[in-house]
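Below is one structure, written out as structure tokens; comments come after it.
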Number of protein chains: 2
Amino acid sequence: MNAFSDRIRTLQPSAIREILKFTSYPDVISFAGGNPAPEAFPVQEVKEIMNDIMENDPITALQYSISEGYTPLRDWIKDDLYSKGIFNWNNDDVIITSGAQQVMEMTAKVICNEGDAIICEEPSFIGSLNSFRSYNAKLVGVPMDEDGVNLEALEETLKTYRRTAFLYLIPNFQNPTGRTMSLEKRKAVLDLAYKYNIYIIEDNPYGDIRFAGENVPSIRSMDTKGHVIYAGTFSKTVAPGLRVGYMCATKDIIAKATVALQVSTVHTSILSQMIVHRYVTKYDFPAHLEQIQKIYGHKCDLMLTNLKMKMPQSIRFTEPDGGLFIWGTLPDGDVDYFVKKAIDRKVAIVTGKAFLVDESKPSLSFRLNYSTPTDEQIERGVDILAEVANSIYKK
Amino acid sequence: MNAFSDRIRTLQPSAIREILKFTSYPDVISFAGGNPAPEAFPVQEVKEIMNDIMENDPITALQYSISEGYTPLRDWIKDDLYSKGIFNWNNDDVIITSGAQQVMEMTAKVICNEGDAIICEEPSFIGSLNSFRSYNAKLVGVPMDEDGVNLEALEETLKTYRRTAFLYLIPNFQNPTGRTMSLEKRKAVLDLAYKYNIYIIEDNPYGDIRFAGENVPSIRSMDTKGHVIYAGTFSKTVAPGLRVGYMCATKDIIAKATVALQVSTVHTSILSQMIVHRYVTKYDFPAHLEQIQKIYGHKCDLMLTNLKMKMPQSIRFTEPDGGLFIWGTLPDGDVDYFVKKAIDRKVAIVTGKAFLVDESKPSLSFRLNYSTPTDEQIERGVDILAEVANSIYKK
């Protein structure tokens, strides 16, 4: 007794989580989180909606509900995904989850046996990687180019790991790099999934937060064989505290996911689902998305402008078309030293190592978040980062 | 591809779930569910609370939060459990989950390797059994006496299955039988857990719904060695749709559970947690519990009185001191035939086989729920059940 299961024994709290505890001090400027901007929350509308629900349909909001999710919201999501070519009324189904994170956890549970490989972009979102680790999957990272995962390395990996459960991708404004996968790569990756007979999880939490460039069709919209499992969320477009995300896949996969969800959370908070449904149907959701895009576009631009102006030229930064993150890369040296110096000066950033499959491997990169800090914090925080950087690297 | 993981492949939706679809027809009287009585929901209070939250603390309710749960609610739970001898401030911790069901799922994930045995009372709650099945545990049932699990059979099982992860128990008003485990058995079971070095999960969803008899101390309140993992919930005392439960265990177990929850739901809906916290602290929660106890005590009494009056003497019923369920047992014959005849007459009840480790084994029992139907439905439903029973068994 007192030994934990093999799948959990070595799993650690994420490094980001530890940094976030530090950022709760009031005089710390945090570029370390990934929280949506609180000014983007529809507070007044949610208040009106809650009143409406408790006035007109309180028992539905408080009683047990079905595991698939609140039917009116599921129907709205199906329509929305159908309009984007992602949902097929004959073959597909949707289940509502407690955030997109639960999609990762359930997919690993439903698809992946212990010891199977799960292939991911490297770097990638630590929350998803830890979900996969929690089922004793063999995580294998594939390096990225500017336009997404490196195809040669991916195929080499697929040849090596023949017991691969799925390939995990964040094609839009990837966390942590902010990169977007090109249309050509999306097509090529789907072809490889067919050729090597694996699933793809297409995680798209930031797709609606595009503030520059042209939309690129999702991988699932090109999938004719049911290989792509799609994860979406209202965490970045309505509010993350409500914990409402969803999974779209073929009916057989959703049926198994429904059983998995039933034995875990039973169903997603029905009050949260009703709030989201009323918000996206009774208010001007497209206008709200435009407003969010403006807020994040402005913050990203402000941070990039300040970084370019103040930081040494030798430190490179990605220039995202959406999402929440910029990825910085040092010319040489030790990123952990740079991160520590920044934290000593009370600016929190996250080492790139946190996003690697093997966190002990070297990295020259770090992640910056621009959605949570205020404009003033962005300017002041980059000032401090620049002082730290210029003391190590020539301007 | 298209094969599911070993742990999920054979997992089926619960039989109850299928019956519940049938009970959504308006002319069906359902004794099949386990929903709390909607008249017990504090609708007006929740409405006031939501207004208060959105007026005074909306960003907390909508933003990401920590995986352990909303600190004021955790503190309230710790105080409440401390007052019952269940929580030790030096050794223990609490994490807030999406209902008690998630405690079962996480405990299996954190403690149990694939192939390990999990021992349960037989019959037992199908939702928990399916959680354990979803981690490929070897489920082993131990028969029950009127005062809880049979000790000789339990020890024999513990001797046989030396790789046992834990023993799963619902000591108060067990689902499905309505039985309460005696103090002597609770002590004896804890001793066996020490002797064979296993954990116990003490699942106590109904503990606050005692309407008769004397309170029996929880097993965890007698545990001095950290062997008992305790699961509680507000589903039956506030509202299940909010999905707020909790797990109390030693700090090391809660630390691992926190990692497991972080990679699944990230955190429990913070709005739901804030609603529950304000309800239990700003309103007269003890008075609310008394009211619920009265409602369920009345409904249970009404159903039992009608059953005794109208059903054949050869069919026996448990007489619960709390909770939501009565367990009926036929003298002989085929319970599925009886259940089918009842359903043909539009009264839904659940076959006892649904609560067995091996659902293909014989059973003479069936479960009746009295919390969801109205008084009129209870009387009318028992009338119909009695007609069916009297046509098969002599009165």
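Just remember, in the structure tokens the first chain shown is A, the second B, etc., residues are 1-based per chain, and ligands are 1-based in the order shown.
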I'd like the contact shell of Glu379 (chain B) - 12 Å cut-off, only C-alpha atoms, skipping same-chain residues fewer than 2 positions apart - returned as a list in words.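 Result of the neighbour search: Ile29, Phe31, Lys299, Cys300, Asp301, Leu302, Met303, Leu304, Thr305, Asn306, Leu307, Lys308, Met309, Lys310, Val347, Tyr370, Pro373, Thr374, Asp375, Glu376, Gln377, Gly381, Val382, Asp383, Ile384, Leu385 and Ala386 of chain B.
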Can you list, as a PyMOL selection string, all residues belonging to region 42-286 of chain B that DSSP tags as strand (DSSP E)? chain B and resi 92-97+117-122+138-145+148-149+164-169+199-203+228-233+245-250
Counting only C-alpha atoms, what is within 10 Å of region 63-72 of chain B, bar same-chain residues fewer than 4 positions away, as a ChimeraX atom specification? /A:17,20-21,34-38,41,235-236,238-243 /B:58-59,76-78,93-97,244,246,254-255,257-274,277-278,281
Would you list, as a PyMOL selection string, the residues of region 94-265 of chain B that end up in alpha helix (DSSP H) under DSSP run on this structure's backbone? chain B and resi 100-111+126-133+151-160+183-195+219-222+251-262
Gap from CA of Lys195 (chain B) to CA of Leu154 (chain B) - Å, one decimal: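 Distance reported for this atom pair: 12.3 Å.
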Gly127 (chain A): which residues within 8 Å, counting only C-alpha atoms, same-chain residues fewer than 2 positions away excluded, as a ChimeraX atom specification? /A:14,101,125,129-131 /B:262-263
Produce a file of the selected residues containing C-alpha atoms, as a PDB file, in the first residue's frame.
```pdb
ATOM      1  CA  SER A  14       3.458  21.173 -14.211  1.00  0.00           C
ATOM      2  CA  GLN A 101      -8.407  19.422 -21.460  1.00  0.00           C
ATOM      3  CA  PHE A 125       1.093  22.239 -24.593  1.00  0.00           C
ATOM      4  CA  LEU A 129       1.307  16.098 -22.620  1.00  0.00           C
ATOM      5  CA  ASN A 130       0.602  15.437 -18.952  1.00  0.00           C
ATOM      6  CA  SER A 131      -2.835  14.016 -19.817  1.00  0.00           C
TER       7      SER A 131
ATOM      8  CA  GLN B 262      -5.383  19.055 -13.350  1.00  0.00           C
ATOM      9  CA  VAL B 263      -4.838  16.927 -16.481  1.00  0.00           C
TER      10      VAL B 263
END
```
Show which residues sit within 7 Å of Phe366 (chain A), as a list in words. Count only C-alpha atoms, and ignore same-chain residues fewer than 2 positions away. Trp327, Gly328, Thr329, Ile349, Val350, Thr351, Gly352 and Leu368 of chain A
Name all residues at most 12 Å from region 145-150 of chain A (count only C-alpha atoms; drop same-chain ones fewer than 6 positions away) and give them as a PDB file with N, CA and C atoms, in the first residue's frame.
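out-v5.pdb was written with the following content:
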```pdb
ATOM      1  N   ILE A 119       2.378  10.768 -30.517  1.00  0.00           N
ATOM      2  CA  ILE A 119       3.340  11.670 -31.145  1.00  0.00           C
ATOM      3  C   ILE A 119       2.822  13.102 -31.038  1.00  0.00           C
ATOM      4  N   CYS A 120       3.700  14.030 -30.670  1.00  0.00           N
ATOM      5  CA  CYS A 120       3.271  15.432 -30.552  1.00  0.00           C
ATOM      6  C   CYS A 120       4.312  16.344 -31.172  1.00  0.00           C
ATOM      7  N   GLU A 121       3.868  17.550 -31.503  1.00  0.00           N
ATOM      8  CA  GLU A 121       4.805  18.612 -31.862  1.00  0.00           C
ATOM      9  C   GLU A 121       5.692  18.872 -30.654  1.00  0.00           C
ATOM     10  N   GLU A 122       6.942  19.276 -30.928  1.00  0.00           N
ATOM     11  CA  GLU A 122       7.822  19.619 -29.819  1.00  0.00           C
ATOM     12  C   GLU A 122       8.462  20.964 -30.121  1.00  0.00           C
ATOM     13  N   PRO A 123       8.161  21.990 -29.291  1.00  0.00           N
ATOM     14  CA  PRO A 123       7.422  21.973 -28.028  1.00  0.00           C
ATOM     15  C   PRO A 123       5.907  21.866 -28.237  1.00  0.00           C
ATOM     16  N   SER A 124       5.212  21.508 -27.143  1.00  0.00           N
ATOM     17  CA  SER A 124       3.750  21.440 -27.202  1.00  0.00           C
ATOM     18  C   SER A 124       3.162  21.781 -25.836  1.00  0.00           C
ATOM     19  N   GLU A 156       9.488   9.713 -40.228  1.00  0.00           N
ATOM     20  CA  GLU A 156      10.504   8.858 -39.627  1.00  0.00           C
ATOM     21  C   GLU A 156       9.992   8.291 -38.290  1.00  0.00           C
ATOM     22  N   THR A 157       9.371   9.163 -37.508  1.00  0.00           N
ATOM     23  CA  THR A 157       8.838   8.741 -36.207  1.00  0.00           C
ATOM     24  C   THR A 157       7.713   7.722 -36.379  1.00  0.00           C
ATOM     25  N   LEU A 167      -1.613  11.227 -33.177  1.00  0.00           N
ATOM     26  CA  LEU A 167      -0.725  12.376 -33.341  1.00  0.00           C
ATOM     27  C   LEU A 167      -1.473  13.584 -32.776  1.00  0.00           C
ATOM     28  N   TYR A 168      -0.828  14.315 -31.871  1.00  0.00           N
ATOM     29  CA  TYR A 168      -1.478  15.457 -31.225  1.00  0.00           C
ATOM     30  C   TYR A 168      -0.966  16.759 -31.830  1.00  0.00           C
ATOM     31  N   LEU A 169      -1.886  17.575 -32.337  1.00  0.00           N
ATOM     32  CA  LEU A 169      -1.510  18.818 -33.024  1.00  0.00           C
ATOM     33  C   LEU A 169      -2.365  19.999 -32.556  1.00  0.00           C
ATOM     34  N   ILE A 170      -1.739  21.176 -32.477  1.00  0.00           N
ATOM     35  CA  ILE A 170      -2.470  22.441 -32.267  1.00  0.00           C
ATOM     36  C   ILE A 170      -2.178  23.296 -33.487  1.00  0.00           C
ATOM     37  N   PRO A 171      -2.981  23.167 -34.558  1.00  0.00           N
ATOM     38  CA  PRO A 171      -2.585  23.801 -35.824  1.00  0.00           C
ATOM     39  C   PRO A 171      -2.653  25.332 -35.813  1.00  0.00           C
ATOM     40  N   ASN A 172      -3.540  25.919 -35.003  1.00  0.00           N
ATOM     41  CA  ASN A 172      -3.694  27.382 -35.005  1.00  0.00           C
ATOM     42  C   ASN A 172      -3.035  28.019 -33.786  1.00  0.00           C
ATOM     43  N   PHE A 173      -2.041  28.907 -34.055  1.00  0.00           N
ATOM     44  CA  PHE A 173      -1.438  29.726 -32.992  1.00  0.00           C
ATOM     45  C   PHE A 173      -1.033  28.835 -31.819  1.00  0.00           C
ATOM     46  N   GLN A 174      -0.178  27.896 -32.148  1.00  0.00           N
ATOM     47  CA  GLN A 174       0.146  26.812 -31.233  1.00  0.00           C
ATOM     48  C   GLN A 174       0.615  27.324 -29.876  1.00  0.00           C
ATOM     49  N   ASN A 175       0.259  26.603 -28.842  1.00  0.00           N
ATOM     50  CA  ASN A 175       0.801  26.803 -27.509  1.00  0.00           C
ATOM     51  C   ASN A 175       1.951  25.820 -27.361  1.00  0.00           C
ATOM     52  N   THR A 177       4.251  28.076 -29.118  1.00  0.00           N
ATOM     53  CA  THR A 177       5.062  28.848 -30.088  1.00  0.00           C
ATOM     54  C   THR A 177       4.294  29.959 -30.793  1.00  0.00           C
ATOM     55  N   GLY A 178       2.963  29.908 -30.789  1.00  0.00           N
ATOM     56  CA  GLY A 178       2.184  30.882 -31.548  1.00  0.00           C
ATOM     57  C   GLY A 178       2.158  30.608 -33.040  1.00  0.00           C
ATOM     58  N   ARG A 179       2.789  29.513 -33.474  1.00  0.00           N
ATOM     59  CA  ARG A 179       2.874  29.214 -34.907  1.00  0.00           C
ATOM     60  C   ARG A 179       1.572  28.620 -35.449  1.00  0.00           C
ATOM     61  N   THR A 180       1.329  28.861 -36.745  1.00  0.00           N
ATOM     62  CA  THR A 180       0.172  28.276 -37.419  1.00  0.00           C
ATOM     63  C   THR A 180       0.657  27.330 -38.512  1.00  0.00           C
ATOM     64  N   MET A 181       0.037  26.156 -38.559  1.00  0.00           N
ATOM     65  CA  MET A 181       0.424  25.160 -39.551  1.00  0.00           C
ATOM     66  C   MET A 181      -0.147  25.541 -40.919  1.00  0.00           C
ATOM     67  N   SER A 182       0.682  25.451 -41.936  1.00  0.00           N
ATOM     68  CA  SER A 182       0.238  25.834 -43.289  1.00  0.00           C
ATOM     69  C   SER A 182      -0.762  24.810 -43.831  1.00  0.00           C
ATOM     70  N   LEU A 183      -1.542  25.250 -44.842  1.00  0.00           N
ATOM     71  CA  LEU A 183      -2.520  24.359 -45.466  1.00  0.00           C
ATOM     72  C   LEU A 183      -1.824  23.123 -46.059  1.00  0.00           C
ATOM     73  N   GLU A 184      -0.692  23.323 -46.691  1.00  0.00           N
ATOM     74  CA  GLU A 184       0.021  22.207 -47.324  1.00  0.00           C
ATOM     75  C   GLU A 184       0.408  21.174 -46.261  1.00  0.00           C
ATOM     76  N   LYS A 185       0.896  21.658 -45.147  1.00  0.00           N
ATOM     77  CA  LYS A 185       1.301  20.729 -44.083  1.00  0.00           C
ATOM     78  C   LYS A 185       0.094  20.008 -43.498  1.00  0.00           C
ATOM     79  N   ARG A 186      -1.030  20.722 -43.365  1.00  0.00           N
ATOM     80  CA  ARG A 186      -2.236  20.064 -42.832  1.00  0.00           C
ATOM     81  C   ARG A 186      -2.631  18.898 -43.721  1.00  0.00           C
ATOM     82  N   LYS A 187      -2.599  19.156 -45.044  1.00  0.00           N
ATOM     83  CA  LYS A 187      -2.938  18.083 -45.993  1.00  0.00           C
ATOM     84  C   LYS A 187      -1.948  16.928 -45.878  1.00  0.00           C
ATOM     85  N   ALA A 188      -0.667  17.266 -45.803  1.00  0.00           N
ATOM     86  CA  ALA A 188       0.375  16.231 -45.763  1.00  0.00           C
ATOM     87  C   ALA A 188       0.275  15.396 -44.486  1.00  0.00           C
ATOM     88  N   VAL A 189      -0.034  16.068 -43.386  1.00  0.00           N
ATOM     89  CA  VAL A 189      -0.151  15.367 -42.106  1.00  0.00           C
ATOM     90  C   VAL A 189      -1.336  14.396 -42.129  1.00  0.00           C
ATOM     91  N   VAL A 216      -7.099  29.339 -42.097  1.00  0.00           N
ATOM     92  CA  VAL A 216      -6.648  28.101 -42.755  1.00  0.00           C
ATOM     93  C   VAL A 216      -7.626  26.992 -42.372  1.00  0.00           C
ATOM     94  N   PHE A 317      11.786  36.325 -32.057  1.00  0.00           N
ATOM     95  CA  PHE A 317      10.420  36.114 -31.560  1.00  0.00           C
ATOM     96  C   PHE A 317       9.505  35.703 -32.703  1.00  0.00           C
ATOM     97  N   THR A 318       8.574  34.768 -32.410  1.00  0.00           N
ATOM     98  CA  THR A 318       7.545  34.451 -33.410  1.00  0.00           C
ATOM     99  C   THR A 318       6.553  35.609 -33.462  1.00  0.00           C
ATOM    100  N   GLU A 319       5.865  35.728 -34.609  1.00  0.00           N
ATOM    101  CA  GLU A 319       4.877  36.806 -34.763  1.00  0.00           C
ATOM    102  C   GLU A 319       3.524  36.181 -35.057  1.00  0.00           C
ATOM    103  N   PRO A 320       2.788  35.808 -34.002  1.00  0.00           N
ATOM    104  CA  PRO A 320       1.557  35.039 -34.187  1.00  0.00           C
ATOM    105  C   PRO A 320       0.437  35.843 -34.852  1.00  0.00           C
ATOM    106  N   TRP A 327       6.771  33.275 -28.719  1.00  0.00           N
ATOM    107  CA  TRP A 327       7.847  32.336 -28.382  1.00  0.00           C
ATOM    108  C   TRP A 327       9.176  33.028 -28.674  1.00  0.00           C
TER     109      TRP A 327
END
```
